$ cat upload.cif   # mmCIF, C-alpha atoms
data_model
loop_
_atom_site.label_atom_id
_atom_site.label_comp_id
_atom_site.auth_asym_id
_atom_site.auth_seq_id
_atom_site.Cartn_x
_atom_site.Cartn_y
_atom_site.Cartn_z
CA MET A 1 26.82 -27.01 43.00
CA LYS A 2 27.86 -23.45 42.19
CA ILE A 3 31.38 -22.79 40.96
CA THR A 4 33.06 -20.82 43.74
CA TYR A 5 36.63 -20.01 42.75
CA ASP A 6 37.71 -16.37 42.46
CA ASN A 7 37.73 -15.03 38.92
CA LYS A 8 40.78 -16.34 37.10
CA GLU A 9 43.35 -14.06 35.60
CA THR A 10 45.89 -14.96 32.96
CA LEU A 11 49.27 -14.68 34.64
CA VAL A 12 51.78 -15.79 32.02
CA SER A 13 51.75 -15.44 28.27
CA ASN A 14 52.33 -18.75 26.56
CA PRO A 15 54.02 -18.65 23.14
CA VAL A 16 52.39 -21.98 22.12
CA PRO A 17 49.59 -21.55 19.56
CA ASP A 18 46.07 -21.26 21.00
CA ILE A 19 45.17 -24.81 20.02
CA ASN A 20 43.46 -26.71 22.85
CA LYS A 21 44.12 -23.94 25.38
CA VAL A 22 41.63 -22.77 27.98
CA THR A 23 42.03 -19.15 28.91
CA ALA A 24 41.06 -17.43 32.12
CA GLU A 25 38.31 -15.71 30.12
CA ASP A 26 36.96 -19.13 29.06
CA MET A 27 36.90 -20.36 32.67
CA ASN A 28 35.19 -17.20 33.92
CA GLU A 29 32.55 -17.50 31.20
CA ILE A 30 31.87 -21.14 32.22
CA LYS A 31 31.60 -20.10 35.87
CA SER A 32 29.15 -17.29 35.06
CA SER A 33 26.92 -19.42 32.84
CA VAL A 34 26.72 -22.33 35.31
CA ASN A 35 26.10 -20.09 38.31
CA TYR A 36 23.39 -18.20 36.40
CA LEU A 37 21.32 -21.40 36.26
CA TYR A 38 21.28 -21.59 40.06
CA ASP A 39 19.47 -18.25 40.13
CA VAL A 40 16.88 -18.95 37.42
CA LEU A 41 15.99 -22.65 37.89
CA GLY A 42 14.35 -24.20 40.93
CA TRP A 43 11.14 -25.49 42.45
CA VAL A 44 8.42 -24.46 44.90
CA GLU A 45 5.60 -26.20 46.72
CA TYR A 46 2.36 -24.52 47.77
CA ARG A 47 -0.24 -26.22 49.99
CA ASP A 48 -3.79 -25.17 50.65
CA THR A 49 -4.61 -24.63 54.33
CA LEU A 50 -8.24 -23.58 53.77
CA ASN A 51 -9.76 -26.70 52.18
CA THR A 52 -9.10 -29.55 54.59
CA VAL A 53 -11.01 -32.75 55.26
CA ASP A 54 -13.27 -30.68 57.55
CA ASN A 55 -13.75 -27.79 55.07
CA LYS A 56 -13.82 -29.17 51.52
CA GLN A 57 -14.01 -27.08 48.34
CA THR A 58 -17.32 -27.83 46.60
CA ILE A 59 -17.43 -28.17 42.82
CA LEU A 60 -20.98 -28.02 41.46
CA ALA A 61 -21.98 -30.23 38.54
CA SER A 62 -21.23 -28.92 35.04
CA GLN A 63 -19.77 -25.61 36.27
CA GLU A 64 -16.17 -24.67 35.55
CA THR A 65 -14.70 -23.85 38.94
CA LEU A 66 -11.35 -22.42 39.98
CA PHE A 67 -9.15 -24.94 41.79
CA THR A 68 -7.84 -22.90 44.71
CA ILE A 69 -4.66 -23.23 46.75
CA ASP A 70 -4.12 -20.42 49.24
CA GLY A 71 -0.38 -21.17 49.50
CA ASN A 72 -0.26 -20.31 53.20
CA GLN A 73 1.95 -23.34 53.70
CA SER A 74 4.83 -23.41 51.24
CA ILE A 75 8.38 -24.52 50.59
CA LEU A 76 10.28 -21.73 48.85
CA MET A 77 13.95 -22.34 49.72
CA GLN A 78 14.66 -23.79 46.25
CA ALA A 79 12.66 -21.17 44.32
CA PRO A 80 14.12 -19.37 41.33
CA LYS A 81 15.68 -16.19 42.69
CA ASP A 82 13.25 -13.32 43.37
CA ASN A 83 10.23 -14.98 41.74
CA ALA A 84 6.83 -16.11 43.02
CA LEU A 85 5.53 -18.87 40.76
CA TRP A 86 2.07 -19.18 42.41
CA VAL A 87 0.09 -16.02 43.22
CA ASN A 88 -3.70 -15.62 43.55
CA ASN A 89 -4.40 -19.21 42.45
CA LYS A 90 -2.35 -18.83 39.27
CA ILE A 91 0.90 -20.13 37.91
CA ASN A 92 2.84 -17.00 37.03
CA PRO A 93 5.55 -17.80 34.48
CA ILE A 94 8.68 -15.73 34.79
CA LYS A 95 9.31 -15.17 31.08
CA VAL A 96 8.43 -16.34 27.59
CA GLY A 97 10.25 -19.53 26.67
CA ASP A 98 10.41 -20.92 30.20
CA ALA A 99 9.47 -24.57 30.75
CA TYR A 100 7.97 -26.06 33.88
CA THR A 101 7.03 -29.42 35.33
CA VAL A 102 3.88 -29.04 37.41
CA ARG A 103 2.45 -31.62 39.82
CA LEU A 104 -1.00 -31.32 41.35
CA ASP A 105 -2.03 -33.52 44.30
CA PHE A 106 -5.40 -33.61 46.07
CA GLU A 107 -8.12 -35.76 47.58
CA ALA A 108 -11.65 -35.77 46.21
CA SER A 109 -15.02 -37.48 46.30
CA ILE A 110 -18.10 -37.28 44.07
CA THR A 111 -21.83 -37.87 44.63
CA ASN A 112 -22.43 -40.31 41.73
CA SER A 113 -20.91 -43.77 41.15
CA ASP A 114 -20.34 -42.93 37.44
CA GLY A 115 -18.81 -39.57 38.31
CA PHE A 116 -15.85 -37.97 36.59
CA PHE A 117 -14.21 -34.58 36.26
CA ASP A 118 -12.05 -32.62 33.86
CA ILE A 119 -9.19 -30.52 35.16
CA GLY A 120 -6.89 -28.38 33.08
CA LEU A 121 -4.57 -25.40 33.04
CA PHE A 122 -6.42 -22.48 31.50
CA VAL A 123 -4.18 -19.75 30.02
CA GLY A 124 -6.89 -17.85 28.11
CA GLY A 125 -6.62 -16.10 24.76
CA PRO A 126 -6.77 -18.16 21.57
CA VAL A 127 -4.94 -21.01 23.36
CA GLY A 128 -7.57 -21.66 26.02
CA TYR A 129 -6.23 -24.70 27.86
CA ALA A 130 -2.53 -25.56 27.92
CA PHE A 131 -3.70 -29.08 28.81
CA LYS A 132 -6.79 -30.84 30.16
CA ASN A 133 -7.27 -34.32 31.68
CA THR A 134 -10.32 -36.41 32.60
CA PHE A 135 -10.40 -38.47 35.80
CA ARG A 136 -12.92 -41.02 37.09
CA PHE A 137 -13.78 -42.28 40.56
CA PRO A 138 -13.24 -46.07 40.34
CA LYS A 139 -13.92 -46.70 44.05
CA GLY A 140 -17.46 -45.29 43.71
CA ASN A 141 -19.40 -42.34 45.01
CA ASN A 142 -18.81 -40.60 48.35
CA VAL A 143 -15.47 -42.40 48.78
CA THR A 144 -12.16 -40.54 49.16
CA HIS A 145 -9.92 -40.84 46.10
CA ASN A 146 -6.31 -39.63 45.92
CA PHE A 147 -5.39 -37.85 42.70
CA SER A 148 -1.98 -36.79 41.45
CA PHE A 149 -0.84 -35.82 38.00
CA THR A 150 2.18 -34.22 36.44
CA ALA A 151 2.31 -32.05 33.33
CA LEU A 152 5.14 -30.54 31.32
CA ILE A 153 4.35 -27.01 30.16
CA TYR A 154 6.10 -24.22 28.32
CA THR A 155 5.48 -20.49 28.27
CA LEU A 156 4.57 -18.42 25.24
CA GLU A 157 3.07 -14.91 25.14
CA THR A 158 -0.50 -15.87 26.14
CA PHE A 159 0.59 -17.88 29.18
CA LYS A 160 3.11 -15.22 30.23
CA THR A 161 0.50 -12.44 29.92
CA ASN A 162 -2.44 -14.22 31.59
CA GLY A 163 -0.84 -16.75 33.89
CA GLY A 164 -2.47 -20.17 34.23
CA GLN A 165 -5.38 -21.24 36.43
CA PHE A 166 -6.49 -24.80 37.12
CA LEU A 167 -10.20 -25.15 36.32
CA VAL A 168 -12.34 -28.13 37.31
CA ASN A 169 -15.57 -29.25 35.65
CA ALA A 170 -17.33 -32.20 37.32
CA SER A 171 -20.13 -34.44 36.06
CA HIS A 172 -21.79 -34.35 39.51
CA GLU A 173 -21.29 -32.43 42.73
CA MET A 174 -17.74 -33.04 43.91
CA SER A 175 -15.57 -32.13 46.91
CA ILE A 176 -11.81 -31.44 46.87
CA TRP A 177 -9.40 -31.03 49.79
CA ASN A 178 -5.76 -31.44 50.91
CA LYS A 179 -4.51 -29.72 47.77
CA ARG A 180 -0.96 -28.86 46.77
CA VAL A 181 0.92 -27.76 43.68
CA ILE A 182 4.64 -28.27 43.00
CA ILE A 183 6.14 -26.14 40.25
CA ASN A 184 9.63 -26.92 38.95
CA LYS A 185 11.21 -24.49 36.50
CA THR A 186 13.28 -26.73 34.23
CA HIS A 187 14.30 -24.36 31.42
CA ASP A 188 15.06 -20.65 31.30
CA GLY A 189 13.64 -18.93 28.22
CA ARG A 190 16.05 -17.18 25.88
#
$ encode --input "upload.cif" --output "C-alpha cells"
Amino acid sequence: MKITYDNKETLVSNPVPDINKVTAEDMNEIKSSVNYLYDVLGWVEYRDTLNTVDNKQTILASQETLFTIDGNQSILMQAPKDNALWVNNKINPIKVGDAYTVRLDFEASITNSDGFFDIGLFVGGPVGYAFKNTFRFPKGNNVTHNFSFTALIYTLETFKTNGGQFLVNASHEMSIWNKRVIINKTHDGR
C-alpha cells in the first residue's frame, strides 16, 4: 500500500545528538522510494481472441513460427504506469536491468503420437534465445493438451532493443489455441 501522509516537516529543533533520530527528510525519502515502486512494478495479462478452439493457429512441422497473442482481451489495471509490456506479439521491456516473471498458457494438439515442440523467447542479436523449452504430448496425437510454463527473465541491451518473441518449432503439424501471456515486472532496472 502506498504511503499517503503529507510530506513531513521538522517543527522543533532537538538539542540531543543525531544518534538514532529520524528526520522529516528521512521519512519523506522513505515515502518517495516506496511509492516509486507502485509506479514501476506490476503485472498484465493478454489473451488471444483470434485463435480459439474453432480457429486454431497452425504450426507446420520443422518451421519456426511466431506464437501470436492479439491481446484484444487484457487485464491492465495493475500494469506498470504508462507502459505496454506486450505489443505486436512481443514482450517490450521497459528498461535495461528490469526483471520479469512470464507465464504462457495455451492448449495444443499434434498430428503424431511421438510429437513434441520447442518454444522459446527469441531476443535476437548474439543472444538468440533468452530461454527455450521442449514439450511432449503424452496423451497422444490429435488430443487436446493443456500447457503452462513460467520463466524468469532479465533485460539487457539486446532484449531491450529487440523485444522478445515466442517462437515455436514442432516435430509435426501442430495446432495452438486459447493462448494467454501474463507478464509480471518484479524488478526495476537501475
$ residues_around --input "upload.cif" --residues "region 44-56 of chain A" --least-positions-apart "4" --cutoff "7 Å" --atoms "all atoms listed in the file" --output "compact mmCIF listing (two decimals) with C-alpha atoms, in the coordinates of the input"
# COMPACT_ATOMS: atom_id res chain seq x y z
CA ILE A 69 -4.66 -23.23 46.75
CA ASP A 70 -4.12 -20.42 49.24
CA GLY A 71 -0.38 -21.17 49.50
CA ASN A 72 -0.26 -20.31 53.20
CA GLN A 73 1.95 -23.34 53.70
CA SER A 74 4.83 -23.41 51.24
CA ILE A 75 8.38 -24.52 50.59
CA LEU A 76 10.28 -21.73 48.85
CA GLN A 78 14.66 -23.79 46.25
CA ALA A 79 12.66 -21.17 44.32
CA SER A 175 -15.57 -32.13 46.91
CA ILE A 176 -11.81 -31.44 46.87
CA TRP A 177 -9.40 -31.03 49.79
CA ASN A 178 -5.76 -31.44 50.91
CA LYS A 179 -4.51 -29.72 47.77
CA ARG A 180 -0.96 -28.86 46.77
CA VAL A 181 0.92 -27.76 43.68
CA ILE A 182 4.64 -28.27 43.00
CA ILE A 183 6.14 -26.14 40.25
CA ASN A 184 9.63 -26.92 38.95
$ residues_around --input "upload.cif" --residues "region 165-173 of chain A" --least-positions-apart "6" --cutoff "6 Å" --atoms "all atoms listed in the file" --output "ChimeraX atom specification"
/A:59-67,90,110-111,115-122
$ write_last_selection --input "upload.cif" --atoms "C-alpha atoms" --output "PDB file, keeping the file's coordinate frame"
ATOM      1  CA  ILE A  59     -17.430 -28.170  42.820  1.00  0.00           C
ATOM      2  CA  LEU A  60     -20.980 -28.020  41.460  1.00  0.00           C
ATOM      3  CA  ALA A  61     -21.980 -30.230  38.540  1.00  0.00           C
ATOM      4  CA  SER A  62     -21.230 -28.920  35.040  1.00  0.00           C
ATOM      5  CA  GLN A  63     -19.770 -25.610  36.270  1.00  0.00           C
ATOM      6  CA  GLU A  64     -16.170 -24.670  35.550  1.00  0.00           C
ATOM      7  CA  THR A  65     -14.700 -23.850  38.940  1.00  0.00           C
ATOM      8  CA  LEU A  66     -11.350 -22.420  39.980  1.00  0.00           C
ATOM      9  CA  PHE A  67      -9.150 -24.940  41.790  1.00  0.00           C
ATOM     10  CA  LYS A  90      -2.350 -18.830  39.270  1.00  0.00           C
ATOM     11  CA  ILE A 110     -18.100 -37.280  44.070  1.00  0.00           C
ATOM     12  CA  THR A 111     -21.830 -37.870  44.630  1.00  0.00           C
ATOM     13  CA  GLY A 115     -18.810 -39.570  38.310  1.00  0.00           C
ATOM     14  CA  PHE A 116     -15.850 -37.970  36.590  1.00  0.00           C
ATOM     15  CA  PHE A 117     -14.210 -34.580  36.260  1.00  0.00           C
ATOM     16  CA  ASP A 118     -12.050 -32.620  33.860  1.00  0.00           C
ATOM     17  CA  ILE A 119      -9.190 -30.520  35.160  1.00  0.00           C
ATOM     18  CA  GLY A 120      -6.890 -28.380  33.080  1.00  0.00           C
ATOM     19  CA  LEU A 121      -4.570 -25.400  33.040  1.00  0.00           C
ATOM     20  CA  PHE A 122      -6.420 -22.480  31.500  1.00  0.00           C
TER      21      PHE A 122
END
$ atom_distance --input "upload.cif" --atom1 "CA of Asp39 (chain A)" --atom2 "CA of Phe131 (chain A)"
28.0 Å
$ residues_around --input "upload.cif" --residues "Gly97 (chain A)" --least-positions-apart "6" --cutoff "6 Å" --atoms "all atoms listed in the file" --output "ChimeraX atom specification"
/A:155-156,189
$ atom_distance --input "upload.cif" --atom1 "CA of Leu41 (chain A)" --atom2 "CA of Thr186 (chain A)"
6.1 Å
$ atom_distance --input "upload.cif" --atom1 "CA of Ile94 (chain A)" --atom2 "CA of Lys185 (chain A)"
9.3 Å
$ closest_residue --input "upload.cif" --among "A:Met77, A:Ala108, A:Val22, A:Val96" --to "Thr161 (chain A)" --atoms "only C-alpha atoms"
A:Val96
$ resolve_selection --input "upload.cif" --expression "the PyMOL selection byres ((chain A and resi 124) around 9)" --output "NGL selection string"
:A and (122-123 or 125-130 or 158-159 or 162-164)
$ closest_residue --input "upload.cif" --among "A:Thr68, A:Glu29, A:Thr23, A:Thr58" --to "Asn88 (chain A)" --atoms "only C-alpha atoms"
A:Thr68
$ closest_residue --input "upload.cif" --among "A:Asn7, A:Trp43, A:Arg190, A:Asn141" --to "Met27 (chain A)" --atoms "only C-alpha atoms"
A:Asn7
$ resolve_selection --input "upload.cif" --expression "the PyMOL selection byres ((chain A and resi 104) around 7)" --output "JSON, numbers by chain"
{"A": [102, 103, 105, 106, 148, 149, 150, 180, 181, 182]}
$ resolve_selection --input "upload.cif" --expression "the PyMOL selection byres ((chain A and resi 146) around 6)" --output "NGL selection string"
:A and (107 or 145 or 147)
$ write_last_selection --input "upload.cif" --atoms "C-alpha atoms" --output "mmCIF file, in the frame of the given file"
data_model
loop_
_atom_site.group_PDB
_atom_site.id
_atom_site.type_symbol
_atom_site.label_atom_id
_atom_site.label_comp_id
_atom_site.auth_asym_id
_atom_site.auth_seq_id
_atom_site.Cartn_x
_atom_site.Cartn_y
_atom_site.Cartn_z
ATOM 1 C CA GLU A 107 -8.120 -35.760 47.580
ATOM 2 C CA HIS A 145 -9.920 -40.840 46.100
ATOM 3 C CA PHE A 147 -5.390 -37.850 42.700
#
